[in-house]
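What follows is model_10.txt (compact mmCIF, C-alpha atoms).
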```
# COMPACT_ATOMS: atom_id res chain seq x y z
CA THR A 1 0.00 0.00 0.00
CA LEU A 2 2.99 2.35 0.23
CA VAL A 3 3.01 2.92 -3.53
CA ASP A 4 -0.79 3.42 -3.45
CA ASP A 5 -0.30 6.06 -0.76
CA ILE A 6 2.22 7.88 -2.95
CA VAL A 7 0.12 7.72 -6.13
CA GLU A 8 -3.36 8.46 -4.76
CA PRO A 9 -2.90 12.14 -3.79
CA SER A 10 -1.94 12.93 -7.41
CA ILE A 11 -5.06 11.41 -8.97
CA PRO A 12 -7.38 14.46 -8.50
CA ARG A 13 -4.76 16.83 -9.92
CA ILE A 14 -4.00 14.55 -12.87
CA ALA A 15 -7.72 14.21 -13.62
CA LYS A 16 -8.36 17.96 -13.46
CA GLU A 17 -5.31 18.92 -15.51
CA ASN A 18 -5.66 16.29 -18.22
CA PHE A 19 -9.22 15.09 -18.57
CA VAL A 20 -11.86 17.40 -17.19
CA ASN A 21 -12.35 20.01 -14.55
CA SER A 22 -15.87 19.22 -13.41
CA GLN A 23 -17.69 18.43 -10.20
CA LEU A 24 -16.33 15.55 -8.14
CA ILE A 25 -18.96 12.90 -7.46
CA PHE A 26 -16.94 10.15 -5.78
CA SER A 27 -13.33 9.45 -4.89
CA ALA A 28 -11.97 6.56 -2.85
CA VAL A 29 -8.87 4.45 -2.32
CA ARG A 30 -8.81 0.67 -1.87
CA VAL A 31 -12.49 0.27 -2.67
CA ARG A 32 -13.89 -3.20 -2.02
CA LYS A 33 -17.06 -3.70 -4.03
CA ILE A 34 -19.39 -6.58 -4.76
CA SER A 35 -20.49 -7.26 -8.34
CA SER A 36 -24.05 -6.57 -9.49
CA ASP A 37 -24.85 -10.29 -9.42
CA ARG A 38 -23.60 -10.39 -5.80
CA ILE A 39 -21.19 -13.24 -6.57
CA ASN A 40 -17.74 -11.64 -6.76
CA ILE A 41 -15.92 -9.09 -4.63
CA ARG A 42 -13.04 -7.08 -6.04
CA GLU A 43 -10.72 -4.40 -4.70
CA PHE A 44 -9.94 -1.30 -6.76
CA ASP A 45 -6.88 0.79 -5.91
CA THR A 46 -8.37 4.21 -6.76
CA ILE A 47 -11.73 5.27 -8.14
CA TYR A 48 -12.26 8.91 -9.11
CA VAL A 49 -15.57 9.99 -10.62
CA THR A 50 -16.71 13.42 -11.84
CA ASP A 51 -19.68 14.59 -13.85
CA ASN A 52 -17.92 13.43 -17.01
CA ILE A 53 -15.30 10.79 -16.22
CA PHE A 54 -14.90 7.48 -14.44
CA LEU A 55 -11.19 7.06 -13.65
CA VAL A 56 -10.01 3.63 -12.52
CA ASN A 57 -6.42 3.38 -11.30
CA ASP A 58 -4.41 0.24 -10.66
CA THR A 59 -1.10 0.66 -8.84
CA LYS A 60 1.73 -1.86 -8.67
CA SER A 61 5.08 -1.55 -6.94
CA LYS A 62 6.78 -3.69 -9.61
CA PRO A 63 4.84 -3.54 -12.88
CA ARG A 64 4.77 -6.65 -15.06
CA ILE A 65 3.01 -7.48 -18.31
CA GLU A 66 0.76 -10.01 -16.53
CA TYR A 67 -0.41 -7.29 -14.10
CA ILE A 68 -1.36 -5.10 -17.04
CA ASP A 69 -3.23 -7.97 -18.65
CA ASP A 70 -5.07 -8.58 -15.35
CA PHE A 71 -6.00 -4.88 -15.28
CA ILE A 72 -7.35 -5.09 -18.84
CA ARG A 73 -9.48 -8.12 -17.90
CA MET A 74 -10.77 -6.25 -14.86
CA LEU A 75 -11.67 -3.25 -17.02
CA SER A 76 -13.82 -5.50 -19.21
CA GLU A 77 -15.89 -6.27 -16.08
CA ILE A 78 -15.80 -2.80 -14.48
CA TYR A 79 -19.49 -2.06 -15.07
CA ASP A 80 -20.44 -5.27 -13.23
CA TYR A 81 -19.17 -3.41 -10.16
CA PHE A 82 -20.02 0.18 -11.05
CA PRO A 83 -23.09 0.13 -13.34
CA GLU A 84 -24.03 3.62 -12.16
CA TYR A 85 -21.06 5.08 -14.07
CA LYS A 86 -21.74 3.43 -17.43
CA GLY A 87 -22.43 6.70 -19.29
CA LYS A 88 -19.18 8.38 -18.24
CA ARG A 89 -15.88 8.38 -20.14
CA LEU A 90 -13.77 5.54 -18.75
CA ILE A 91 -10.19 6.61 -17.98
CA PRO A 92 -7.98 3.57 -17.25
CA VAL A 93 -4.76 4.43 -15.41
CA PHE A 94 -1.87 2.15 -14.45
CA SER A 95 0.58 3.56 -11.89
CA SER A 96 3.94 2.69 -10.44
CA LEU A 97 6.99 4.47 -9.10
CA TYR A 98 9.09 3.30 -12.05
CA ILE A 99 7.85 2.22 -15.46
CA SER A 100 10.37 0.71 -17.87
CA ASP A 101 10.28 1.70 -21.54
CA GLU A 102 9.13 -1.83 -22.45
CA ILE A 103 6.18 -1.67 -20.04
CA LEU A 104 5.34 1.88 -21.12
CA LYS A 105 5.16 0.86 -24.78
CA TYR A 106 3.02 -2.18 -23.96
CA ILE A 107 0.54 -0.18 -21.85
CA SER A 108 0.38 2.63 -24.38
CA ARG A 109 -0.56 0.17 -27.14
CA LYS A 110 -3.46 -0.91 -24.91
CA LYS A 111 -4.68 2.74 -24.65
CA ILE A 112 -4.14 2.87 -20.89
CA PHE A 113 -2.73 5.99 -19.26
CA VAL A 114 0.45 5.56 -17.22
CA LEU A 115 1.45 7.46 -14.06
CA GLY A 116 5.02 7.34 -12.85
CA MET A 117 7.37 9.36 -10.67
CA SER A 118 8.77 12.62 -11.94
CA ASP A 119 11.03 15.30 -10.55
CA GLU A 120 8.09 17.31 -9.18
CA THR A 121 6.28 14.65 -7.17
CA MET A 122 7.79 15.44 -3.77
CA GLN A 123 7.89 18.86 -2.12
CA ILE A 124 8.83 20.40 1.22
CA LEU A 125 5.62 20.63 3.24
CA ASN A 126 7.00 22.87 5.98
CA SER A 127 8.74 25.45 3.80
CA GLU A 128 8.55 28.04 6.58
CA LEU A 129 11.71 26.39 7.97
CA LEU A 130 13.64 27.52 4.89
CA ALA A 131 13.44 31.11 6.11
CA ALA A 132 14.88 30.21 9.52
```
Please rewrite the model in this file as structure tokens.
Amino acid sequence: TLVDDIVEPSIPRIAKENFVNSQLIFSAVRVRKISSDRINIREFDTIYVTDNIFLVNDTKSKPRIEYIDDFIRMLSEIYDYFPEYKGKRLIPVFSSLYISDEILKYISRKKIFVLGMSDETMQILNSELLAA
């Protein structure tokens, strides 16, 4: 969950800057939800929903092709868990601290957005100490 905790605070900003700046409807981390048929339970790393978009994020500490394929299979069943968001634009996002070029190319071919670390992710939160 450490990587989830690093990725999750960036999701609202990423959504607003890149997809839409509309009213937030629902946002949650580590959502456990039962399917519409009440048979299966699945956990979702991050769900972020606005008036227009339904963003589903999957975070892995060490991304692998099989994890991406699992995410794609899950996306094919997403509306079994969230039928209320069927009319919204689905934004699939795969996140990790480090994404190799090979993994990035593979995910991009699948039309899935990728979040990774950059030089601006961390910041000093108590900058008042800089003046001391």
Selection as a PyMOL selection string: residues within 12 Å of (-21.9, -5.3, -5.2), counting all atoms listed in the file: chain A and resi 31-43+78-84
When you look at Tyr98 of chain A with a cut-off of 8 Å (counting only C-alpha atoms), what residues show up, excluding the ones that are within fewer than 2 positions of it in the same chain? I need them as a PDB file with C-alpha atoms, in the frame of the given file.
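Result file follows (out.pdb):
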```pdb
ATOM      1  CA  LYS A  62       6.780  -3.690  -9.610  1.00  0.00           C
ATOM      2  CA  SER A  96       3.940   2.690 -10.440  1.00  0.00           C
ATOM      3  CA  SER A 100      10.370   0.710 -17.870  1.00  0.00           C
ATOM      4  CA  GLY A 116       5.020   7.340 -12.850  1.00  0.00           C
ATOM      5  CA  MET A 117       7.370   9.360 -10.670  1.00  0.00           C
TER       6      MET A 117
END
```
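Shortest separation to Glu102 of chain A among A:Ile53, A:Ala28, A:Val20, A:Ile65 occurs at residue A:Ile65, atoms counted being only C-alpha atoms.
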So, with all atoms listed in the file as the atoms that count, which of A:Val49, A:Ile103, A:Val7, A:Leu90 lies closest to Ser22 of chain A?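 Checking each candidate against Ser22 of chain A, we get A:Val49 as the closest.
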Excluding Lys88 of chain A and residues on its chain fewer than 3 positions from it, collect all residues at most 6 Å away from it, counting all atoms listed in the file, and give them as a list in words. Asn52, Ile53, Phe54 and Tyr85 of chain A
Work out how far apart atom CA of Phe71 of chain A and atom CA of Lys16 of chain A are and give it in Å to one decimal.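 Going from atom CA of Phe71 of chain A over to atom CA of Lys16 of chain A, I get 23.0 Å.
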Calculate how many Å separate atom CA of Glu8 of chain A from atom CA of Glu77 of chain A, rounding to one decimal.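 For atom CA of Glu8 of chain A relative to atom CA of Glu77 of chain A, the distance reads 22.4 Å.
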Close residues, segment 55-57 of chain A itself excluded, 7 Å, all atoms listed in the file, min 2 positions apart in chain, as an MDAnalysis selection string: chainID A and resid 45:49 53 59 90:94
Please determine, counting only C-alpha atoms, which residue among A:Ile6, A:Ala15, A:Leu130, A:Leu75 has the shortest atom-to-atom distance to Ser95 of chain A.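 The closest residue to Ser95 of chain A is A:Ile6.
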How many Å separate atom CA of Arg109 of chain A from atom CA of Lys60 of chain A?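 One can read the atom CA of Arg109 of chain A to atom CA of Lys60 of chain A distance as 18.7 Å.
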Find, counting all atoms listed in the file, the residue in A:Ile11, A:Val3, A:Ile68, A:Met74 that gets nearest to Leu104 of chain A.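 Result for the nearest residue to Leu104 of chain A: A:Ile68.
Among A:Ile107, A:Leu24, A:Arg64, A:Asp69, the residue with the shortest atom-to-atom distance to Thr50 of chain A, counting only C-alpha atoms, is A:Leu24.
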Hey, which of A:Tyr106, A:Ile25, A:Ser127, A:Ser10 ends up closest to Tyr67 of chain A? Count all atoms listed in the file.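 Ranking A:Tyr106, A:Ile25, A:Ser127, A:Ser10 by distance to Tyr67 of chain A, first place goes to A:Tyr106.
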For segment 81-106 of chain A, which lacks atoms in the input, supply N, CA, C and O atoms and format the output as a compact mmCIF listing (two decimals), in the coordinates of the input.
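The new file result.txt reads:
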```txt
# COMPACT_ATOMS: atom_id res chain seq x y z
N TYR A 81 -19.38 -3.93 -11.51
CA TYR A 81 -19.17 -3.41 -10.16
C TYR A 81 -19.67 -1.97 -10.01
O TYR A 81 -20.06 -1.57 -8.92
N PHE A 82 -19.62 -1.23 -11.08
CA PHE A 82 -20.02 0.18 -11.05
C PHE A 82 -20.99 0.50 -12.19
O PHE A 82 -20.68 1.33 -13.05
N PRO A 83 -22.15 -0.13 -12.23
CA PRO A 83 -23.09 0.13 -13.34
C PRO A 83 -23.58 1.58 -13.38
O PRO A 83 -23.94 2.09 -14.43
N GLU A 84 -23.54 2.24 -12.24
CA GLU A 84 -24.03 3.62 -12.16
C GLU A 84 -23.15 4.60 -12.94
O GLU A 84 -23.57 5.74 -13.20
N TYR A 85 -21.95 4.19 -13.35
CA TYR A 85 -21.06 5.08 -14.07
C TYR A 85 -20.93 4.73 -15.55
O TYR A 85 -20.03 5.22 -16.23
N LYS A 86 -21.83 3.94 -16.05
CA LYS A 86 -21.74 3.43 -17.43
C LYS A 86 -21.72 4.53 -18.49
O LYS A 86 -21.08 4.40 -19.51
N GLY A 87 -22.38 5.65 -18.29
CA GLY A 87 -22.43 6.70 -19.29
C GLY A 87 -21.24 7.64 -19.29
O GLY A 87 -21.14 8.52 -20.14
N LYS A 88 -20.33 7.48 -18.37
CA LYS A 88 -19.18 8.38 -18.24
C LYS A 88 -17.98 7.86 -19.07
O LYS A 88 -17.88 6.67 -19.33
N ARG A 89 -17.10 8.77 -19.43
CA ARG A 89 -15.88 8.38 -20.14
C ARG A 89 -14.97 7.60 -19.20
O ARG A 89 -14.57 8.12 -18.15
N LEU A 90 -14.65 6.38 -19.56
CA LEU A 90 -13.77 5.54 -18.75
C LEU A 90 -12.32 5.94 -19.01
O LEU A 90 -11.86 5.96 -20.14
N ILE A 91 -11.61 6.25 -17.92
CA ILE A 91 -10.19 6.61 -17.98
C ILE A 91 -9.41 5.54 -17.23
O ILE A 91 -9.34 5.56 -16.00
N PRO A 92 -8.80 4.57 -17.94
CA PRO A 92 -7.98 3.57 -17.25
C PRO A 92 -6.58 4.11 -17.01
O PRO A 92 -5.96 4.68 -17.91
N VAL A 93 -6.08 3.93 -15.79
CA VAL A 93 -4.76 4.43 -15.41
C VAL A 93 -4.00 3.33 -14.69
O VAL A 93 -4.53 2.70 -13.77
N PHE A 94 -2.76 3.12 -15.10
CA PHE A 94 -1.87 2.15 -14.45
C PHE A 94 -0.72 2.95 -13.86
O PHE A 94 -0.10 3.75 -14.56
N SER A 95 -0.42 2.75 -12.58
CA SER A 95 0.58 3.56 -11.89
C SER A 95 1.65 2.72 -11.21
O SER A 95 1.36 1.63 -10.72
N SER A 96 2.84 3.29 -11.17
CA SER A 96 3.94 2.69 -10.44
C SER A 96 5.00 3.76 -10.23
O SER A 96 4.96 4.81 -10.86
N LEU A 97 5.92 3.51 -9.33
CA LEU A 97 6.99 4.47 -9.10
C LEU A 97 7.94 4.52 -10.29
O LEU A 97 8.43 5.57 -10.67
N TYR A 98 8.20 3.36 -10.89
CA TYR A 98 9.09 3.30 -12.05
C TYR A 98 8.45 2.43 -13.11
O TYR A 98 8.02 1.31 -12.83
N ILE A 99 8.40 2.95 -14.32
CA ILE A 99 7.85 2.22 -15.46
C ILE A 99 8.95 2.11 -16.52
O ILE A 99 9.44 3.13 -17.01
N SER A 100 9.33 0.90 -16.85
CA SER A 100 10.37 0.71 -17.87
C SER A 100 9.82 1.10 -19.24
O SER A 100 8.60 1.14 -19.45
N ASP A 101 10.70 1.36 -20.19
CA ASP A 101 10.28 1.70 -21.54
C ASP A 101 9.45 0.58 -22.17
O ASP A 101 8.47 0.83 -22.87
N GLU A 102 9.85 -0.67 -21.92
CA GLU A 102 9.13 -1.83 -22.45
C GLU A 102 7.69 -1.85 -21.95
O GLU A 102 6.74 -2.03 -22.71
N ILE A 103 7.53 -1.67 -20.64
CA ILE A 103 6.18 -1.67 -20.04
C ILE A 103 5.38 -0.47 -20.54
O ILE A 103 4.20 -0.60 -20.87
N LEU A 104 6.02 0.69 -20.64
CA LEU A 104 5.34 1.88 -21.12
C LEU A 104 4.80 1.69 -22.54
O LEU A 104 3.65 2.03 -22.83
N LYS A 105 5.61 1.12 -23.40
CA LYS A 105 5.16 0.86 -24.78
C LYS A 105 4.00 -0.12 -24.80
O LYS A 105 3.03 0.07 -25.54
N TYR A 106 4.08 -1.17 -24.00
CA TYR A 106 3.02 -2.18 -23.96
C TYR A 106 1.70 -1.56 -23.48
O TYR A 106 0.65 -1.74 -24.10
```
